[in-house]
Structure formats: structure tokens, C-alpha cells
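J.: The following block contains the structure, expressed as C-alpha cells.
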Protein chains: 2
Amino acid sequence: METLTVQLAERSYPIYIGTRLLQDPDLLKRYVRGHRIMVASNDTVAARYMPSLISALPDFYVDTVILPDGEQFKTLETLNAVFTALLEKRHDRGTTLIALGGGVIGDITGFAAASYQRGVDFIQIPTTLLAQVDSSVGGKTGVNHALGKNMIGAFHQPRCAIIDTDTLKSLPDKELSAGLAEVIKYGLIGDLALFEWLEANLDRLMRRDGAALAHCIRRSCESKAAIVATDEREQSGQRALLNLGHTFGHAIETALGYGAWLHGEAVGCGMVMAATLSHRLGWIANGDVHRAGNLIVRAGLPTRLPAGITRERFLDLMRADKKSIDGLLRLVLLRGLGDAVVTGDFDFDELEAMLEDYDRESRPRG
Amino acid sequence: METLTVQLAERSYPIYIGTRLLQDPDLLKRYVRGHRIMVASNDTVAARYMPSLISALPDFYVDTVILPDGEQFKTLETLNAVFTALLEKRHDRGTTLIALGGGVIGDITGFAAASYQRGVDFIQIPTTLLAQVDSSVGGKTGVNHALGKNMIGAFHQPRCAIIDTDTLKSLPDKELSAGLAEVIKYGLIGDLALFEWLEANLDRLMRRDGAALAHCIRRSCESKAAIVATDEREQSGQRALLNLGHTFGHAIETALGYGAWLHGEAVGCGMVMAATLSHRLGWIANGDVHRAGNLIVRAGLPTRLPAGITRERFLDLMRADKKSIDGLLRLVLLRGLGDAVVTGDFDFDELEAMLEDYDRESRPRG
């Protein structure tokens with residue numbers, strides 16, 4: 001088992017990475033302060049892992065709530081289902097919420113923990129690669145609104161995150177790919193060595209080699225923790241680097257309706273768009289765009305837009321993204337592989353021309 | 001104009017109390033960091049005060065959202081209406097939300113500010129006595145759940161609170177009384193001098209004497225600010241003193257359905273119950289119960305339960321209150337006038353006997 005600490009002063013917390021952690025009765029109980037626990041999960045994950053989790057918690061009163069899964073259910077309504085379960089079972093302020101599942105379960109459960117009785121304890125047990133390398137670090141929680149993704153939420157740090165790599169054995173291929181998008185992102189943002197390690201080892205990851213997965217999860221969590229430690233509430237702009245590919249990606253997700261593409265798929269495509277724009281602006285070489293695109297293709301991720309998102313619609317969706325401040329569109333772009341910047345200072349015409357190209361290439365040939 | 005500061009380290013903020021503050025263009029603008037403002041209010045208050053507020057904000061883009069008023073609308077659904085308005089008008093993270101109205105508007109708007117894009121700026125302009133002496137200090141925000149009051153929310157401090165006492169001229173009598181319940185509470189909890197001042201001056205307050213109102217608002221805000229400064233997130237138990245009468249009051253409100261009694265009316269009755277129980281436990285003299293009850297009657301508040309809440313139902317509702325920890329029922333009780341304690345250490349039989357008495361007295365004589 002490996003341990004790393006997310007450094008956030010009095011909100012610091014450990015992340016444990018290893019095998020057979022879910023069954024470990026001594027690990028979890030150190031992070032539960034009261035007697036009661038509510039585990040939120042979805043059908044698929046609960047069927048597979050809930051029994052061993054519950055049997056690892058013999059000293060507690062454990063209730064469970066099963067939520068519908070998928071980005072389209074990340075709503076205030078599903079959030080309310082968690083509150084209803086807590087109130088029906090009379091959980092008080094001393095309760096601990098455990099999120100057992102992927103990013104959607106983690107985001108909803110985390111926000112429920114942030115706002116139930118104005119804040120209760122929370123433990124993350126992410127079971128997808130994406131949630132392990134992304135949601136487990138940084139305390140972002142929330143739900144979507146019909147008019148925008150992740151528009152409602154809170155910063156609420158967990159007491160600990162437990163990453164059991166055994167849970168990846170049953171992960172669908174598409175979701176493995178979606179997680180790899182975020183891993184590639186950490187390389188592109190600020191870790192050239194990780195990027196190059198991925199170029200050399202991506203096939204091992206696709207084969208789900210345990211040691212390779214543990215390595216890239218650890219490295220990803222460290223990268224994100226280092227950024228989050230400098231900018232917990234996304235105020236200095238440092239944390240915004242983590243949004244590489246996300247402004248493009250969110251626009252795609254909103255255009256298609258949540259759930260049509262996985263978040264990681266949209267981010268994968270969004271990162272290629274960010275690299276392409278960076279090249280058009282003369283900031284990186286064409287070869288760098290190819291290296292980034294190649295890794296994203298090898299990870300099984302899309303690099304073209306779904307058909308039918310016009311330039312105008314895309315720009316419209318980007319402007320609604322919450323990274324824009326006072327109407328200025330800010331993007332994460334590349335100055336090199338492993339060197340990203342957040343900027344509103346770029347030639348807007350190039351963005352428009354690129355979106356035009358992407359839209360044209362997405363159309364069926366006639 | 002009087003100013004006091006709520007001391008909360010980097011979240012400290014000023015409260016301004018005076019006349020004609022709503023129209024003052026120099027006051028508000030110091031606390032708005034961006035260019036955009038969303039004012040949330042209700043029909044009645046907006047008709048009366050929105051025009052002067054907007055004309056005092058000539059340098060900003062001001063949007064408004066009108067919410068249904070009343071405790072029964074303090075729901076996730078109404079909260080979502082604020083998010084929808086913000087998203088439709090494309091407000092970004094730099095926006096400022098202003099709550100113009102009573103406690104319900106303040107609680108919903110504050111929670112919307114806490115969770116819109118994971119937190120934006122917030123200004124309180126409370127227009128009822130209750131909101132002025134209660135919601136304007138302490139940063140508690142939130143909405144109700146069908147199974148319990150104020151069960152969903154956040155601590156989110158405003159950038160400032162502006163109390164314009166002119167707004168009290170149009171306040172309905174019932175709501176003036178409801179506000180006085182909280183003022184009396186500050187006296188009972190820890191300020192015998194305020195309690196005695198109220199005994200001498202309650203009639204002036206009922207006649208809406210401006211100087212008397214300003215005095216009691218200032219004194220109340222100071223009392224609450226002193227308590228909140230020691231225990232911002234209700235962790236040490238100090239802040240729980242503010243719940244005198246509230247565990248009883250919430251049970252009444254839940255039993256009747258939100259909106260049947262005003263919050264302050266329920267708290268008024270709840271404080272008499274707390275005083276009565278304190279006397280039954282031998283902690284205060286019968287004369288003290290009478291002094292408290294007398295002030296509450298003079299303020300136009302009820303001191304008897306509505307008919308039909310049995311002892312069992314009342315206990316059930318109290319146990320669901322979020323002040324209970326690990327199932328232990330904790331109450332704020334009196335050791336004297338101006339001397340309250342939070343305790344779970346009392347003779348439960350006396351509580352049951354008292355609830356039995358209150359229920360019996362509430363029944364129509366046959």
C-alpha cells in the first residue's frame with residue numbers, strides 16, 4: 001500500500017493506493033468519527049463491492065443508498081435522494097458519508113456531505129480510474145444544472161480517499177480510456193516525464209497491468225495534489241491548469257446532452273483541440289500536436305467532434321463555462337508538452353477558424 | 001449610521017444599521033467586486049424597495065429574480081430558480097448576489113451564493129426585524145427538506161449586511177412580533193441588561209419607535225456576533241446557545257407544516273417551554289418563567305402549543321432535530337435569566353411530563 005497526503009493545512013488528508021484495501025477493517029475505521037455511516041453507490045458497483053465494504057465495518061451502523069448512475073443523473077433531484085435517505089434513517093451531524101463508485105457518485109455524495117446539516121464527514125472510495133486520478137484529490141463536489149455542467153457545488157475535502165486498484169479489473173474498456181484522458185492531462189500540463197512514461201507504457205495500462213496502473217494513479221494524484229495545495233479554491237489561476245481540455249470538453253458534453261460521451265472522452269477530444277489551437281497560435285510544434293493526439297488515440301479516445309456542433313454553438317457553450325470571468329473566455333493552452341498556461345490572451349480568430357475546421361471534419365462526407 | 005464588525009478572521013464583515021441606507025450609492029458599491037449583481041427578492045419587498053436599490057447601483061449590471069416567499073418555499077426547487085436566473089443571464093464567478101428580503105430570501109440566496117459555481121459573493125439586505133437580528137449575523141444559509149427544517153445548507157459569510165430600519169415601517173405586526181422573539185432570546189441567553197431593557201421598553205418597540213428599534217437591533221447583532229466569533233461552525237457548542245427555544249420551535253413548525261406559524265412565533269412558544277422545563281428541573285424560579293412568559297405575551301407571541309401535537313409526536317420531531325448528536329437529545333435550557341446552557345444532561349421524565357401538560361392545555365375545553 002502506498003500513501004500520499006494532500007496538503008491543505010487543517011483539511012489535509014491521506015490517499016491510500018493498493019490492492020485489497022476495501023476489505024481492510026483497520027484502514028477505514030480510523031477515519032470515521034461517529035457510529036453511523038451512509039454509503040452511497042450505484043447498482044453495479046454496490047453489487048460487486050458493497051458486501052465486502054460493509055463486512056469491513058463491523059463496529060458501525062451502516063446504511064446504504066443506491067443512486068442512478070450517469071452524468072444525466074448528477075442533479076439536485078438525485079442529491080435530494082441522499083438527503084431523504086439520511087433523514088429517513090435519522091443520521092445526525094456525527095454521521096460519515098462514504099462515496100463508493102465513480103465520479104458521479106463521488107460528486108453527488110461529496111456535495112451531500114458538504115450541505116447535509118451544513119457539513120458532515122466524507123470518505124471517497126473511487127472505483128473508476130477517472131475518479132481515482134481526479135475526484136479523489138481536491139474536494140470539488142457538485143451537481144449539474146440543465147443549463148450547465150458542475151454549476152452547483154461546494155469545496156468539501158474528504159477525511160481520506162481509498163483507492164483499491166482491484167476495482168479496475170471489472171472496469172469497462174470505455175471507462176478505462178476515459179480515466180487515461182486525465183492521466184495524459186497531468187503529463188501535458190506539467191510533467192513531461194509522465195508524458196514520456198505514458199508513450200512507453202500505454203499498452204501496459206490498456207492491458208491493466210497492476211503495477212503500471214498503480215504507478216500512473218500515484219503520479220497523477222501527486223500532480224494534482226501539488227496544484228491543489230497551491231490553490232485550493234481555484235482563486236489564483238494555478239488550479240485552473242487542471243482544466244486543460246475541459247472548456248472544450250464541457251461544450252461537447254453540453255451540446256450532446258450529458259451521458260452521450262463520457263467526460264473523459266470529451267476531455268480527450270478537448271485536449272487535442274487545445275493542442276491544435278496552441279499550434280495554430282505558433283506556441284507548439286506540429287510534432288507536439290501529433291504526439292499528444294497519438295497518445296490520445298492509443299488510449300482509445302476520440303479526437304474528432306461529434307457531427308453537428310457549429311462554430312457558433314460551440315463558442316456559445318464555451319462562453320457559458322464557469323472558467324470565464326466577466327465574460328472573458330480563458331483557456332488552458334500549451335507552451336510545450338508538459339507546459340500549460342491559463343490565458344485569455346490569444347488570437348480569437350484562430351479559435352474560430354479551428355472550430356470551423358473541427359465542425360467541417362465532423363460532417364459525414366457527401 | 002452605526003457600524004459593527006462580525007469578527008471571523010479573513011471572513012470578517014461589517015453590519016451597517018441606520019436609516020436611508022438602501023438609497024446610499026456609496027455604501028453598497030464598496031462591497032461589489034465585479035460588474036454584475038443579481039438581486040433576489042419577493043414580490044412585496046421588490047415592489048417597495050427594488051427601484052431605490054437599483055437606482056443606488058448605477059455602475060453595475062443588475063439583474064433580479066423574484067422568489068415565492070414563505071417558509072414552505074424554502075426548498076431546493078426555489079434554490080434552483082436562482083441558479084436558473086444566474087445561468088440564463090450568464091453570471092460568472094465574479095458576480096455578487098444580494099438578498100433583499102426576510103429570512104427566507106436571505107437563507108435561499110445565501111445558499112445559492114455558497115453553491116453557485118462553488119461560491120460567489122453575497123450581500124445581505126434584511127428587511128424584516130427577524131432577519132436583521134438573526135440572519136444578518138453568522139452566515140447560516142440553507143433550505144428545508146420535506147423531512148426537516150434547515151437540513152440542507154452551508155456556512156457562507158456575506159461581504160456585508162445592510163440594515164435599513166426604514167424597512168420596518170411597512171412590516172406586518174405579526175412579523176414584528178416574530179422578530180422580537182429573537183431579540184428576547186438574546187436577553188434570555190446571556191444579556192440580562194437587554195432583557196431588563198426590553199421589560200422597560202417593549203411598548204416602544206411595539207409602537208416602532210425608531211431609536212428603540214435601532215438600539216435593540218444593534219444590541220442583538222452584537223450578542224450574536226460575539227457568540228458566532230467563538231464558534232463559527234457550531235462545533236464547540238457555544239453557538240448552540242442561539243438555539244434557545246428552537247428545538248421546541250422546529251418541532252412545532254414541522255408538526256404544523258412550514259408556514260402555518262411564523263418561525264419567530266414558534267421560537268417564542270419554544271422559549272416559554274424551555275423556561276418551563278428549566279423550572280421543572282429546579283434550575284430557575286417560577287418568577288423567572290413568568291417574567292419570560294410575560295415579555296413573550298407582550299410581544300404578541302403565542303405561549304401555548306397548537307392543538308393536537310401529542311407528547312410522542314413532539315418527542316419524535318425533537319429527536320429528528322439536527323442539534324441531536326448520536327441520538328442524544330440536547331437542549332438549550334436556563335440556569336437563570338440571561339444565563340443559558342446547552343445540555344443533554346436533564347431528567348427526561350420532566351421533559352415528557354411537560355410535553356404532556358402542554359398538549360393537554362392545547363386541547364379545546366370540552
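Every chain in the C-alpha cells takes a letter, A first, then B, and so on in the order presented; its residues are numbered from 1, and the ligands are numbered from 1 following the presented order.
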When you get a sec, could you note down which chain B residues fall within 8 Å of chain A, using only C-alpha atoms, as a PDB file with C-alpha atoms, in the first residue's frame?

T.:
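Okay, out-v2.pdb is ready:
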```
ATOM      1  CA  GLY B  34     -17.228  42.568 -10.159  1.00  0.00           C
ATOM      2  CA  HIS B  35     -19.543  44.334 -12.569  1.00  0.00           C
ATOM      3  CA  LEU B  76     -34.250  23.022  -3.359  1.00  0.00           C
ATOM      4  CA  PHE B  83     -29.429  29.125 -10.367  1.00  0.00           C
ATOM      5  CA  THR B  84     -31.589  29.205 -13.476  1.00  0.00           C
ATOM      6  CA  LEU B  87     -27.303  30.860 -15.780  1.00  0.00           C
ATOM      7  CA  GLU B  88     -29.846  32.362 -18.127  1.00  0.00           C
ATOM      8  CA  ARG B  90     -24.775  34.146 -17.754  1.00  0.00           C
ATOM      9  CA  ASP B  92     -19.990  34.038 -13.825  1.00  0.00           C
ATOM     10  CA  ARG B  93     -17.868  33.571 -10.720  1.00  0.00           C
ATOM     11  CA  GLY B  94     -17.314  37.289 -10.393  1.00  0.00           C
ATOM     12  CA  ALA B 114     -22.448  29.454  -1.392  1.00  0.00           C
ATOM     13  CA  SER B 115     -23.016  26.868  -4.092  1.00  0.00           C
ATOM     14  CA  TYR B 116     -23.289  28.718  -7.424  1.00  0.00           C
ATOM     15  CA  GLN B 117     -20.095  27.768  -9.215  1.00  0.00           C
ATOM     16  CA  ARG B 118     -18.903  26.581  -5.768  1.00  0.00           C
ATOM     17  CA  GLY B 119     -19.181  30.013  -4.197  1.00  0.00           C
ATOM     18  CA  GLY B 142     -29.882  26.826   3.530  1.00  0.00           C
ATOM     19  CA  HIS B 145     -36.304  19.275   3.309  1.00  0.00           C
ATOM     20  CA  LEU B 147     -38.450  15.688   6.440  1.00  0.00           C
ATOM     21  CA  GLY B 148     -36.812  18.512   8.364  1.00  0.00           C
ATOM     22  CA  ASN B 150     -32.847  23.770   7.545  1.00  0.00           C
ATOM     23  CA  MET B 151     -31.412  20.326   6.876  1.00  0.00           C
ATOM     24  CA  ILE B 152     -29.574  21.380   3.724  1.00  0.00           C
ATOM     25  CA  GLY B 153     -27.214  24.322   3.612  1.00  0.00           C
ATOM     26  CA  ALA B 154     -23.815  25.889   4.082  1.00  0.00           C
ATOM     27  CA  PHE B 155     -21.924  28.370   6.194  1.00  0.00           C
ATOM     28  CA  ALA B 320     -35.026  14.388  14.335  1.00  0.00           C
ATOM     29  CA  LYS B 322     -30.109  18.376  13.879  1.00  0.00           C
ATOM     30  CA  LYS B 323     -28.959  19.503  17.319  1.00  0.00           C
ATOM     31  CA  SER B 324     -29.106  15.881  18.455  1.00  0.00           C
ATOM     32  CA  ILE B 325     -25.749  14.114  18.226  1.00  0.00           C
ATOM     33  CA  ASP B 326     -25.559  10.330  18.043  1.00  0.00           C
ATOM     34  CA  GLY B 327     -29.200  10.206  19.080  1.00  0.00           C
TER      35      GLY B 327
END
```

J.: Excluding A:Ser135 and its own-chain neighbours fewer than 2 positions away, which residues fall within 12 Å of it when counting only C-alpha atoms? Please give them as a ChimeraX atom specification.

T.: /A:15,99,101-110,123-133,137-142,155-158,161-163,179,182,217,220-221,224-225,228,242

J.: Report the distance between atom CA of B:Ala85 and atom CA of B:Thr64 in Å, rounded to one decimal place.

T.: 8.1 Å

J.: One number please: atom CA of A:Val267 to atom CA of A:Pro68, in Å, one decimal.

T.: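 Those two atoms sit 23.0 Å apart.
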
J.: Could you give me, as a PyMOL selection string, each residue of stretch 253-340 of chain A that DSSP assigns to strand (DSSP E) when run on this structure's backbone?

T.: chain A and resi 331-336+339-340

J.: What does the distance from atom CA of B:Gly282 to atom CA of B:Leu194 come to in Å, to one decimal?

T.: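 Atom-to-atom, atom CA of B:Gly282 and atom CA of B:Leu194 are spaced 24.2 Å apart.
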
J.: Can you tell me, as a PyMOL selection string, which residues in stretch 27-161 of chain A count as helix (DSSP H, G or I) by DSSP?

T.: chain A and resi 27-31+43-55+71-73+76-88+103-115+129-133
